[in-house]
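What follows is a single structure, written as structure tokens, with notes after it.
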Amino acid sequence: MKLTPLFTGLLAVLSLTMSASSMAALSMDKTRYIFEGNKDAISIVVKNAEKKTYGGQTWIENIKETDTRPTFVVTPPFFKITGDGKQVLRVIKALDEMPEDKESIYWVNLQEIPPVNKEGGLSVALRTKVKLLYRPANLVEGRKNAETGLSLISKGGKPVLMNTTPYIFAIADVLDAKEVPVALDDMTHKQLAMFAPGETVTLPVGSMAKSVVALDDLGYAGTHEIKGTGPVTNSTTP
């Protein structure tokens, strides 16, 4: 497989992210969490990879919503973990005002608090972020392979990928009919990484987009065909 400059750059970013994560003393047990609407709470397990006791702080923040009130709370928000130990956290829904017709997305923040360096050296405190998806109870059963609900249309002579589903997708690549990744700029990759309901992304003119590579709830990649795929011309759609 020949690596394009964009794909090589993406690999470099992923490598840096993984390196930073591997340097952290505290880590969460998953790369993403799903809070289903029929649940009262979910658990997060934080592990300490060091031999020394570390403190930690966790909180949840909105990503796309403008409401700054806490939708979810984590208990305990502050804690200590002995060397090679772990701490179980509980995420509880604080508000009942989230949309029930689509998913919502948040950040789970984990800030580590290193022990005091008695030798006067510099202590590095790393912060880790992972996604928290709120999935309404009526949408739980329909999530599997929901990426097939994506649509591709022509708008102003340009191909536009539309999320006409109630789900938020993490799309890593758009593939053509030969399963070759379509060249996308960094901004488009960023948009597709959190492709929310009702959002659209404009693809390069002439793209032969056929399918997408997306991550599921467990972080595994799968390929899904797009509805209405095919070549897009420069003609303007009325």
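Convention: chains lettered A, B, ... in structure tokens order; per-chain residue numbering from 1; ligands numbered from 1 as shown.
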
- [ ] List the neighbours of stretch 89-105 of chain A out to 6 Å using only C-alpha atoms; skip same-chain residues closer than 3 positions along the sequence, and give me the result as a PyMOL selection string.
- [x] chain A and resi 41-44+71-75+132-136+166-167

Same residues, N, CA and C atoms, saved as a PDB file, in the first residue's frame:
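The result, stored in out_36.pdb:
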ATOM      1  N   ALA A  41     -26.357   4.830  35.294  1.00  0.00           N
ATOM      2  CA  ALA A  41     -24.961   5.247  35.425  1.00  0.00           C
ATOM      3  C   ALA A  41     -24.080   4.275  34.649  1.00  0.00           C
ATOM      4  N   ILE A  42     -22.848   4.703  34.375  1.00  0.00           N
ATOM      5  CA  ILE A  42     -21.844   3.811  33.798  1.00  0.00           C
ATOM      6  C   ILE A  42     -20.568   3.935  34.622  1.00  0.00           C
ATOM      7  N   SER A  43     -19.681   2.982  34.461  1.00  0.00           N
ATOM      8  CA  SER A  43     -18.434   2.973  35.229  1.00  0.00           C
ATOM      9  C   SER A  43     -17.234   3.247  34.337  1.00  0.00           C
ATOM     10  N   ILE A  44     -16.247   3.929  34.908  1.00  0.00           N
ATOM     11  CA  ILE A  44     -14.955   4.157  34.270  1.00  0.00           C
ATOM     12  C   ILE A  44     -13.888   3.652  35.230  1.00  0.00           C
ATOM     13  N   THR A  71     -24.129  18.273  32.325  1.00  0.00           N
ATOM     14  CA  THR A  71     -25.110  17.262  31.930  1.00  0.00           C
ATOM     15  C   THR A  71     -24.845  15.949  32.653  1.00  0.00           C
ATOM     16  N   PHE A  72     -23.561  15.653  32.859  1.00  0.00           N
ATOM     17  CA  PHE A  72     -23.148  14.456  33.579  1.00  0.00           C
ATOM     18  C   PHE A  72     -22.172  14.853  34.677  1.00  0.00           C
ATOM     19  N   VAL A  73     -22.170  14.107  35.758  1.00  0.00           N
ATOM     20  CA  VAL A  73     -21.194  14.316  36.826  1.00  0.00           C
ATOM     21  C   VAL A  73     -20.451  13.008  37.070  1.00  0.00           C
ATOM     22  N   VAL A  74     -19.203  13.138  37.505  1.00  0.00           N
ATOM     23  CA  VAL A  74     -18.376  11.971  37.810  1.00  0.00           C
ATOM     24  C   VAL A  74     -18.130  11.928  39.308  1.00  0.00           C
ATOM     25  N   THR A  75     -18.289  10.770  39.891  1.00  0.00           N
ATOM     26  CA  THR A  75     -18.023  10.620  41.317  1.00  0.00           C
ATOM     27  C   THR A  75     -17.107   9.423  41.559  1.00  0.00           C
ATOM     28  N   LEU A 132     -17.443  10.641  25.261  1.00  0.00           N
ATOM     29  CA  LEU A 132     -18.609  10.052  25.912  1.00  0.00           C
ATOM     30  C   LEU A 132     -19.812  10.332  25.022  1.00  0.00           C
ATOM     31  N   LEU A 133     -20.469   9.277  24.547  1.00  0.00           N
ATOM     32  CA  LEU A 133     -21.659   9.418  23.714  1.00  0.00           C
ATOM     33  C   LEU A 133     -22.895   9.116  24.543  1.00  0.00           C
ATOM     34  N   TYR A 134     -23.870  10.027  24.494  1.00  0.00           N
ATOM     35  CA  TYR A 134     -25.169   9.738  25.110  1.00  0.00           C
ATOM     36  C   TYR A 134     -26.092   9.222  24.014  1.00  0.00           C
ATOM     37  N   ARG A 135     -26.591   8.011  24.205  1.00  0.00           N
ATOM     38  CA  ARG A 135     -27.474   7.378  23.227  1.00  0.00           C
ATOM     39  C   ARG A 135     -28.853   7.177  23.851  1.00  0.00           C
ATOM     40  N   PRO A 136     -29.863   7.914  23.367  1.00  0.00           N
ATOM     41  CA  PRO A 136     -31.214   7.755  23.907  1.00  0.00           C
ATOM     42  C   PRO A 136     -31.680   6.300  23.842  1.00  0.00           C
ATOM     43  N   PRO A 166     -29.595   9.550  13.229  1.00  0.00           N
ATOM     44  CA  PRO A 166     -29.532  10.179  14.554  1.00  0.00           C
ATOM     45  C   PRO A 166     -28.245   9.872  15.314  1.00  0.00           C
ATOM     46  N   TYR A 167     -27.262   9.246  14.650  1.00  0.00           N
ATOM     47  CA  TYR A 167     -26.056   8.787  15.332  1.00  0.00           C
ATOM     48  C   TYR A 167     -24.837   9.644  14.993  1.00  0.00           C
TER      49      TYR A 167
END

Open item on the list: DSSP on the backbone: which residues in stretch 67-117 of chain A end up as strand (DSSP E or B)? Give the answer as a PyMOL selection string.
Closed with: chain A and resi 72-75+78-81+86-93+104-113

Open item on the list: Report, in Å with one decimal, the straight-line distance from atom CA of A:Ala146 to atom CA of A:Thr200.
Closed with: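 A separation of 16.3 Å between them.
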
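Shortest separation to A:Tyr33 among A:Tyr54, A:Tyr220, A:Tyr106, A:Trp59 occurs at residue A:Tyr106, atoms counted being only C-alpha atoms.
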
Open item on the list: Please determine, counting only C-alpha atoms, which residue among A:Ile226, A:Ala137, A:Trp107, A:Gly156 has the shortest atom-to-atom distance to A:Asp40.
Closed with: A:Ala137

TODO: Skip stretch 172-174 of chain A itself and residues of its chain fewer than 6 positions away, then list as a ChimeraX atom specification all residues within 7 Å of it, counting only C-alpha atoms.
DONE: /A:181-182,193,209,211-214

- [ ] Would you mind reading off the distance between atom CA of A:Phe169 and atom CA of A:Asp216, one decimal, in Å?
- [x] 8.1 Å

TODO: Counting only C-alpha atoms, figure out which residue out of A:Glu50, A:Glu147, A:Glu179, A:Asp29 gets nearest to A:Leu110.
DONE: A:Asp29

Open item on the list: So that I can see what lies close to A:Gly149, please list as a PyMOL selection string the residues with an atom at most 9 Å from it, counting only C-alpha atoms and leaving out residues fewer than 2 positions away in the same chain.
Closed with: chain A and resi 145-147+151+163-165+225-227

Could you name the residues that touch stretch 120-131 of chain A at 9 Å or less, counting only C-alpha atoms, but leaving out those on the same chain fewer than 6 positions away, as a PDB file with N, CA and C atoms, in the first residue's frame?
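Final output, saved to part_21.pdb:
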ATOM      1  N   ALA A  20       1.999  10.105  23.753  1.00  0.00           N
ATOM      2  CA  ALA A  20       1.613  10.917  24.903  1.00  0.00           C
ATOM      3  C   ALA A  20       0.770  10.102  25.869  1.00  0.00           C
ATOM      4  N   SER A  21      -0.152   9.281  25.311  1.00  0.00           N
ATOM      5  CA  SER A  21      -1.002   8.454  26.151  1.00  0.00           C
ATOM      6  C   SER A  21      -0.182   7.428  26.916  1.00  0.00           C
ATOM      7  N   MET A  23       2.784   7.744  27.941  1.00  0.00           N
ATOM      8  CA  MET A  23       3.593   8.405  28.956  1.00  0.00           C
ATOM      9  C   MET A  23       2.792   8.728  30.207  1.00  0.00           C
ATOM     10  N   ALA A  24       1.461   8.764  30.094  1.00  0.00           N
ATOM     11  CA  ALA A  24       0.624   9.135  31.225  1.00  0.00           C
ATOM     12  C   ALA A  24       0.661   8.053  32.298  1.00  0.00           C
ATOM     13  N   ALA A  25       0.672   8.489  33.552  1.00  0.00           N
ATOM     14  CA  ALA A  25       0.624   7.531  34.657  1.00  0.00           C
ATOM     15  C   ALA A  25      -0.781   6.957  34.803  1.00  0.00           C
ATOM     16  N   LEU A  26      -1.798   7.821  34.657  1.00  0.00           N
ATOM     17  CA  LEU A  26      -3.186   7.397  34.802  1.00  0.00           C
ATOM     18  C   LEU A  26      -3.825   7.212  33.430  1.00  0.00           C
ATOM     19  N   SER A  27      -4.605   6.172  33.290  1.00  0.00           N
ATOM     20  CA  SER A  27      -5.289   5.916  32.023  1.00  0.00           C
ATOM     21  C   SER A  27      -6.662   5.318  32.283  1.00  0.00           C
ATOM     22  N   MET A  28      -7.585   5.564  31.349  1.00  0.00           N
ATOM     23  CA  MET A  28      -8.928   4.994  31.426  1.00  0.00           C
ATOM     24  C   MET A  28      -8.981   3.668  30.679  1.00  0.00           C
ATOM     25  N   LYS A  30     -11.130   2.493  28.540  1.00  0.00           N
ATOM     26  CA  LYS A  30     -11.708   2.473  27.197  1.00  0.00           C
ATOM     27  C   LYS A  30     -11.309   3.741  26.444  1.00  0.00           C
ATOM     28  N   THR A  31     -11.418   3.665  25.112  1.00  0.00           N
ATOM     29  CA  THR A  31     -11.123   4.838  24.280  1.00  0.00           C
ATOM     30  C   THR A  31     -12.373   5.662  24.015  1.00  0.00           C
ATOM     31  N   ARG A  32     -13.527   5.141  24.371  1.00  0.00           N
ATOM     32  CA  ARG A  32     -14.794   5.863  24.266  1.00  0.00           C
ATOM     33  C   ARG A  32     -15.806   5.174  25.178  1.00  0.00           C
ATOM     34  N   TYR A  33     -16.777   5.950  25.642  1.00  0.00           N
ATOM     35  CA  TYR A  33     -17.803   5.410  26.531  1.00  0.00           C
ATOM     36  C   TYR A  33     -19.178   5.726  25.957  1.00  0.00           C
ATOM     37  N   ILE A  34     -20.094   4.769  26.103  1.00  0.00           N
ATOM     38  CA  ILE A  34     -21.461   4.929  25.618  1.00  0.00           C
ATOM     39  C   ILE A  34     -22.394   4.941  26.823  1.00  0.00           C
ATOM     40  N   ILE A 105     -22.693  14.284  22.294  1.00  0.00           N
ATOM     41  CA  ILE A 105     -21.304  13.894  22.544  1.00  0.00           C
ATOM     42  C   ILE A 105     -20.630  14.837  23.534  1.00  0.00           C
ATOM     43  N   TYR A 106     -19.761  14.273  24.374  1.00  0.00           N
ATOM     44  CA  TYR A 106     -19.071  15.011  25.427  1.00  0.00           C
ATOM     45  C   TYR A 106     -17.631  14.511  25.533  1.00  0.00           C
ATOM     46  N   TRP A 107     -16.831  15.268  26.280  1.00  0.00           N
ATOM     47  CA  TRP A 107     -15.470  14.835  26.607  1.00  0.00           C
ATOM     48  C   TRP A 107     -15.426  14.346  28.046  1.00  0.00           C
ATOM     49  N   VAL A 108     -14.771  13.227  28.283  1.00  0.00           N
ATOM     50  CA  VAL A 108     -14.390  12.816  29.636  1.00  0.00           C
ATOM     51  C   VAL A 108     -12.937  13.229  29.826  1.00  0.00           C
ATOM     52  N   ASN A 109     -12.677  14.100  30.788  1.00  0.00           N
ATOM     53  CA  ASN A 109     -11.328  14.588  31.068  1.00  0.00           C
ATOM     54  C   ASN A 109     -10.746  13.866  32.280  1.00  0.00           C
ATOM     55  N   LEU A 110      -9.504  13.446  32.151  1.00  0.00           N
ATOM     56  CA  LEU A 110      -8.776  12.849  33.274  1.00  0.00           C
ATOM     57  C   LEU A 110      -7.468  13.612  33.450  1.00  0.00           C
ATOM     58  N   GLN A 111      -7.378  14.349  34.547  1.00  0.00           N
ATOM     59  CA  GLN A 111      -6.172  15.117  34.861  1.00  0.00           C
ATOM     60  C   GLN A 111      -5.408  14.406  35.968  1.00  0.00           C
ATOM     61  N   GLU A 112      -4.178  14.022  35.682  1.00  0.00           N
ATOM     62  CA  GLU A 112      -3.391  13.379  36.724  1.00  0.00           C
ATOM     63  C   GLU A 112      -2.666  14.419  37.567  1.00  0.00           C
ATOM     64  N   ILE A 113      -2.510  14.105  38.851  1.00  0.00           N
ATOM     65  CA  ILE A 113      -1.832  14.982  39.808  1.00  0.00           C
ATOM     66  C   ILE A 113      -0.649  14.200  40.374  1.00  0.00           C
ATOM     67  N   PRO A 114       0.558  14.474  39.877  1.00  0.00           N
ATOM     68  CA  PRO A 114       1.725  13.685  40.287  1.00  0.00           C
ATOM     69  C   PRO A 114       2.143  13.991  41.720  1.00  0.00           C
TER      70      PRO A 114
END

TODO: Enumerate as a PyMOL selection string all residues of chain A assigned to helix (DSSP H, G or I) by DSSP on the backbone, naming them with the chain letters and numbers the document uses.
DONE: chain A and resi 5-23+137-139+146-149+186-193
